[in-house]
file upload_15.pdb (PDB, C-alpha atoms, pLDDT in the B column)
MODEL        1
ATOM      1  CA  ARG Z   1      45.346  88.487 -91.783  1.00 62.00           C
ATOM      2  CA  PHE Z   2      44.054  87.833 -95.317  1.00 58.00           C
ATOM      3  CA  ALA Z   3      44.663  85.673 -98.376  1.00 59.00           C
ATOM      4  CA  LEU Z   4      45.195  87.055-101.870  1.00 57.00           C
ATOM      5  CA  VAL Z   5      43.722  85.335-104.916  1.00 56.00           C
ATOM      6  CA  ARG Z   6      45.492  84.517-108.155  1.00 59.00           C
ATOM      7  CA  GLY Z   7      43.637  85.255-111.400  1.00 57.00           C
ATOM      8  CA  LEU Z   8      43.116  82.190-113.552  1.00 55.00           C
ATOM      9  CA  GLY Z   9      41.406  83.912-116.457  1.00 54.00           C
ATOM     10  CA  ASP Z  10      38.529  82.446-118.419  1.00 50.00           C
ATOM     11  CA  VAL Z  11      39.984  79.064-119.340  1.00 47.00           C
ATOM     12  CA  TYR Z  12      37.156  78.271-121.752  1.00 45.00           C
ATOM     13  CA  LYS Z  13      37.262  81.419-123.884  1.00 52.00           C
ATOM     14  CA  ARG Z  14      40.901  82.346-123.171  1.00 50.00           C
ATOM     15  CA  GLN Z  15      39.887  85.984-122.812  1.00 49.00           C
ATOM     16  CA  GLY Z  16      41.467  86.863-119.474  1.00 51.00           C
ATOM     17  CA  TYR Z  17      39.464  87.925-116.443  1.00 56.00           C
ATOM     18  CA  ARG Z  18      35.716  87.507-116.183  1.00 63.00           C
ATOM     19  CA  GLY Z  19      33.730  90.624-115.272  1.00 71.00           C
ATOM     20  CA  ARG Z  20      34.935  94.008-114.117  1.00 77.00           C
ATOM     21  CA  THR Z  21      35.712  95.509-110.738  1.00 82.00           C
ATOM     22  CA  ALA Z  22      36.033  99.278-110.531  1.00 87.00           C
ATOM     23  CA  ILE Z  23      38.727 100.897-108.449  1.00 89.00           C
ATOM     24  CA  ALA Z  24      38.506 104.625-107.898  1.00 89.00           C
ATOM     25  CA  GLU Z  25      39.642 107.737-106.114  1.00 87.00           C
ATOM     26  CA  VAL Z  26      36.778 109.722-104.618  1.00 85.00           C
ATOM     27  CA  LEU Z  27      37.620 113.333-103.947  1.00 81.00           C
ATOM     28  CA  PRO Z  28      36.326 114.676-100.609  1.00 75.00           C
ATOM     29  CA  THR Z  29      35.169 118.285-100.512  1.00 84.00           C
ATOM     30  CA  SER Z  30      36.166 120.751 -97.846  1.00 87.00           C
ATOM     31  CA  PRO Z  31      36.697 124.485 -97.470  1.00 91.00           C
ATOM     32  CA  GLU Z  32      40.473 123.881 -97.495  1.00 89.00           C
ATOM     33  CA  LEU Z  33      40.285 121.995-100.794  1.00 90.00           C
ATOM     34  CA  ARG Z  34      38.056 124.644-102.334  1.00 92.00           C
ATOM     35  CA  THR Z  35      40.639 127.299-101.436  1.00 94.00           C
ATOM     36  CA  LEU Z  36      43.441 125.256-103.017  1.00 93.00           C
ATOM     37  CA  VAL Z  37      41.420 124.820-106.215  1.00 92.00           C
ATOM     38  CA  LEU Z  38      40.606 128.518-106.397  1.00 95.00           C
ATOM     39  CA  GLU Z  39      44.309 129.294-105.863  1.00 96.00           C
ATOM     40  CA  ARG Z  40      45.100 126.989-108.813  1.00 95.00           C
ATOM     41  CA  SER Z  41      47.383 124.806-106.702  1.00 94.00           C
ATOM     42  CA  SER Z  42      49.351 122.066-108.426  1.00 93.00           C
ATOM     43  CA  GLY Z  43      47.865 118.607-108.892  1.00 88.00           C
ATOM     44  CA  THR Z  44      50.539 117.188-106.597  1.00 87.00           C
ATOM     45  CA  ARG Z  45      49.601 119.578-103.805  1.00 90.00           C
ATOM     46  CA  LEU Z  46      45.871 118.925-104.290  1.00 89.00           C
ATOM     47  CA  LYS Z  47      46.364 115.156-104.119  1.00 86.00           C
ATOM     48  CA  ARG Z  48      48.567 115.455-101.027  1.00 87.00           C
ATOM     49  CA  GLU Z  49      45.920 117.556 -99.262  1.00 89.00           C
ATOM     50  CA  CYS Z  50      43.103 115.213-100.331  1.00 89.00           C
ATOM     51  CA  ARG Z  51      44.999 112.253 -98.891  1.00 88.00           C
ATOM     52  CA  LYS Z  52      45.487 114.162 -95.625  1.00 87.00           C
ATOM     53  CA  LEU Z  53      41.691 114.644 -95.564  1.00 86.00           C
ATOM     54  CA  GLY Z  54      41.160 110.892 -95.888  1.00 87.00           C
ATOM     55  CA  MET Z  55      40.919 110.211 -99.624  1.00 90.00           C
ATOM     56  CA  LYS Z  56      42.031 106.721-100.634  1.00 91.00           C
ATOM     57  CA  THR Z  57      44.155 106.621-103.765  1.00 92.00           C
ATOM     58  CA  VAL Z  58      43.248 104.368-106.662  1.00 94.00           C
ATOM     59  CA  ARG Z  59      46.063 102.010-105.574  1.00 94.00           C
ATOM     60  CA  GLU Z  60      44.800 101.927-101.961  1.00 94.00           C
ATOM     61  CA  ASP Z  61      41.270 101.151-103.188  1.00 95.00           C
ATOM     62  CA  GLY Z  62      42.644  98.416-105.443  1.00 94.00           C
ATOM     63  CA  LEU Z  63      44.666  96.894-102.594  1.00 94.00           C
ATOM     64  CA  ASP Z  64      41.545  96.856-100.389  1.00 93.00           C
ATOM     65  CA  LYS Z  65      39.670  95.022-103.150  1.00 92.00           C
ATOM     66  CA  ALA Z  66      42.545  92.562-103.590  1.00 90.00           C
ATOM     67  CA  ARG Z  67      42.385  91.814 -99.840  1.00 90.00           C
ATOM     68  CA  LYS Z  68      38.658  91.115-100.237  1.00 88.00           C
ATOM     69  CA  GLY Z  69      39.321  88.758-103.164  1.00 84.00           C
ATOM     70  CA  LEU Z  70      37.584  90.990-105.735  1.00 86.00           C
ATOM     71  CA  THR Z  71      40.699  91.387-107.887  1.00 87.00           C
ATOM     72  CA  THR Z  72      44.301  90.262-107.845  1.00 87.00           C
ATOM     73  CA  LEU Z  73      47.369  91.969-106.476  1.00 90.00           C
ATOM     74  CA  ASP Z  74      49.031  91.537-109.880  1.00 90.00           C
ATOM     75  CA  GLU Z  75      46.249  93.535-111.575  1.00 89.00           C
ATOM     76  CA  VAL Z  76      46.329  96.315-108.977  1.00 92.00           C
ATOM     77  CA  LEU Z  77      50.102  96.726-109.209  1.00 93.00           C
ATOM     78  CA  ARG Z  78      50.064  96.538-113.012  1.00 91.00           C
ATOM     79  CA  LEU Z  79      47.297  99.113-113.516  1.00 90.00           C
ATOM     80  CA  THR Z  80      47.794 101.699-110.757  1.00 93.00           C
ATOM     81  CA  PRO Z  81      50.541 104.262-110.207  1.00 91.00           C
ATOM     82  CA  GLU Z  82      52.690 104.005-107.111  1.00 92.00           C
ATOM     83  CA  ASP Z  83      51.566 106.379-104.341  1.00 88.00           C
ATOM     84  CA  GLU Z  84      53.824 109.152-103.150  1.00 83.00           C
ATOM     85  CA  PRO Z  85      54.536 108.859 -99.425  1.00 80.00           C
ATOM     86  CA  LEU Z  86      52.889 111.360 -97.106  1.00 74.00           C
ATOM     87  CA  GLU Z  87      54.571 113.063 -94.207  1.00 68.00           C
ATOM     88  CA  GLY Z  88      53.947 110.905 -91.160  1.00 58.00           C
ATOM     89  CA  GLY Z  89      54.419 107.604 -93.012  1.00 52.00           C
ATOM     90  CA  ARG Z  90      50.993 106.851 -94.537  1.00 49.00           C
TER      91      ARG Z  90
ENDMDL
END

call {"tool": "encode", "arguments": {"input": "upload_15.pdb", "output": "structure tokens"}}
result
Amino acid sequence: RFALVRGLGDVYKRQGYRGRTAIAEVLPTSPELRTLVLERSSGTRLKRECRKLGMKTVREDGLDKARKGLTTLDEVLRLTPEDEPLEGGR
């Protein structure tokens, strides 16, 4: 169970959010991934395989940070692409 925060912006300067929070995809390395790269596999296939190896997508990382109160759900959904479903329902 968790609570999401709502961004209020900087009410004094009217400049939006204060500070920055990075969200990122970190690509794991493995022999399987190396083979796919050397075979010049498509970006879609590479991303699918990386996710199977445990990589969190930029949206998943953003959602984790929203759960921790570091950013808002609105910002994550506005700035990140929707993830393609994996086989097995992840």

call {"tool": "resolve_selection", "arguments": {"input": "upload_15.pdb", "expression": "the PyMOL selection byres ((chain Z and resi 44-47) around 12)", "output": "PyMOL selection string"}}
result
chain Z and resi 25-30+32-43+48-58+83-86

call {"tool": "write_last_selection", "arguments": {"input": "upload_15.pdb", "atoms": "C-alpha atoms", "output": "PDB file, keeping the file's coordinate frame"}}
result
ATOM      1  CA  GLU Z  25      39.642 107.737-106.114  1.00 87.00           C
ATOM      2  CA  VAL Z  26      36.778 109.722-104.618  1.00 85.00           C
ATOM      3  CA  LEU Z  27      37.620 113.333-103.947  1.00 81.00           C
ATOM      4  CA  PRO Z  28      36.326 114.676-100.609  1.00 75.00           C
ATOM      5  CA  THR Z  29      35.169 118.285-100.512  1.00 84.00           C
ATOM      6  CA  SER Z  30      36.166 120.751 -97.846  1.00 87.00           C
ATOM      7  CA  GLU Z  32      40.473 123.881 -97.495  1.00 89.00           C
ATOM      8  CA  LEU Z  33      40.285 121.995-100.794  1.00 90.00           C
ATOM      9  CA  ARG Z  34      38.056 124.644-102.334  1.00 92.00           C
ATOM     10  CA  THR Z  35      40.639 127.299-101.436  1.00 94.00           C
ATOM     11  CA  LEU Z  36      43.441 125.256-103.017  1.00 93.00           C
ATOM     12  CA  VAL Z  37      41.420 124.820-106.215  1.00 92.00           C
ATOM     13  CA  LEU Z  38      40.606 128.518-106.397  1.00 95.00           C
ATOM     14  CA  GLU Z  39      44.309 129.294-105.863  1.00 96.00           C
ATOM     15  CA  ARG Z  40      45.100 126.989-108.813  1.00 95.00           C
ATOM     16  CA  SER Z  41      47.383 124.806-106.702  1.00 94.00           C
ATOM     17  CA  SER Z  42      49.351 122.066-108.426  1.00 93.00           C
ATOM     18  CA  GLY Z  43      47.865 118.607-108.892  1.00 88.00           C
ATOM     19  CA  ARG Z  48      48.567 115.455-101.027  1.00 87.00           C
ATOM     20  CA  GLU Z  49      45.920 117.556 -99.262  1.00 89.00           C
ATOM     21  CA  CYS Z  50      43.103 115.213-100.331  1.00 89.00           C
ATOM     22  CA  ARG Z  51      44.999 112.253 -98.891  1.00 88.00           C
ATOM     23  CA  LYS Z  52      45.487 114.162 -95.625  1.00 87.00           C
ATOM     24  CA  LEU Z  53      41.691 114.644 -95.564  1.00 86.00           C
ATOM     25  CA  GLY Z  54      41.160 110.892 -95.888  1.00 87.00           C
ATOM     26  CA  MET Z  55      40.919 110.211 -99.624  1.00 90.00           C
ATOM     27  CA  LYS Z  56      42.031 106.721-100.634  1.00 91.00           C
ATOM     28  CA  THR Z  57      44.155 106.621-103.765  1.00 92.00           C
ATOM     29  CA  VAL Z  58      43.248 104.368-106.662  1.00 94.00           C
ATOM     30  CA  ASP Z  83      51.566 106.379-104.341  1.00 88.00           C
ATOM     31  CA  GLU Z  84      53.824 109.152-103.150  1.00 83.00           C
ATOM     32  CA  PRO Z  85      54.536 108.859 -99.425  1.00 80.00           C
ATOM     33  CA  LEU Z  86      52.889 111.360 -97.106  1.00 74.00           C
TER      34      LEU Z  86
END

call {"tool": "atom_distance", "arguments": {"input": "upload_15.pdb", "atom1": "CA of Glu82 (chain Z)", "atom2": "CA of Lys65 (chain Z)"}}
result
16.3 Å

call {"tool": "resolve_selection", "arguments": {"input": "upload_15.pdb", "expression": "the PyMOL selection byres ((chain Z and resi 59) around 7)", "output": "ChimeraX atom specification"}}
result
/Z:57-58,60-63,76,80-81
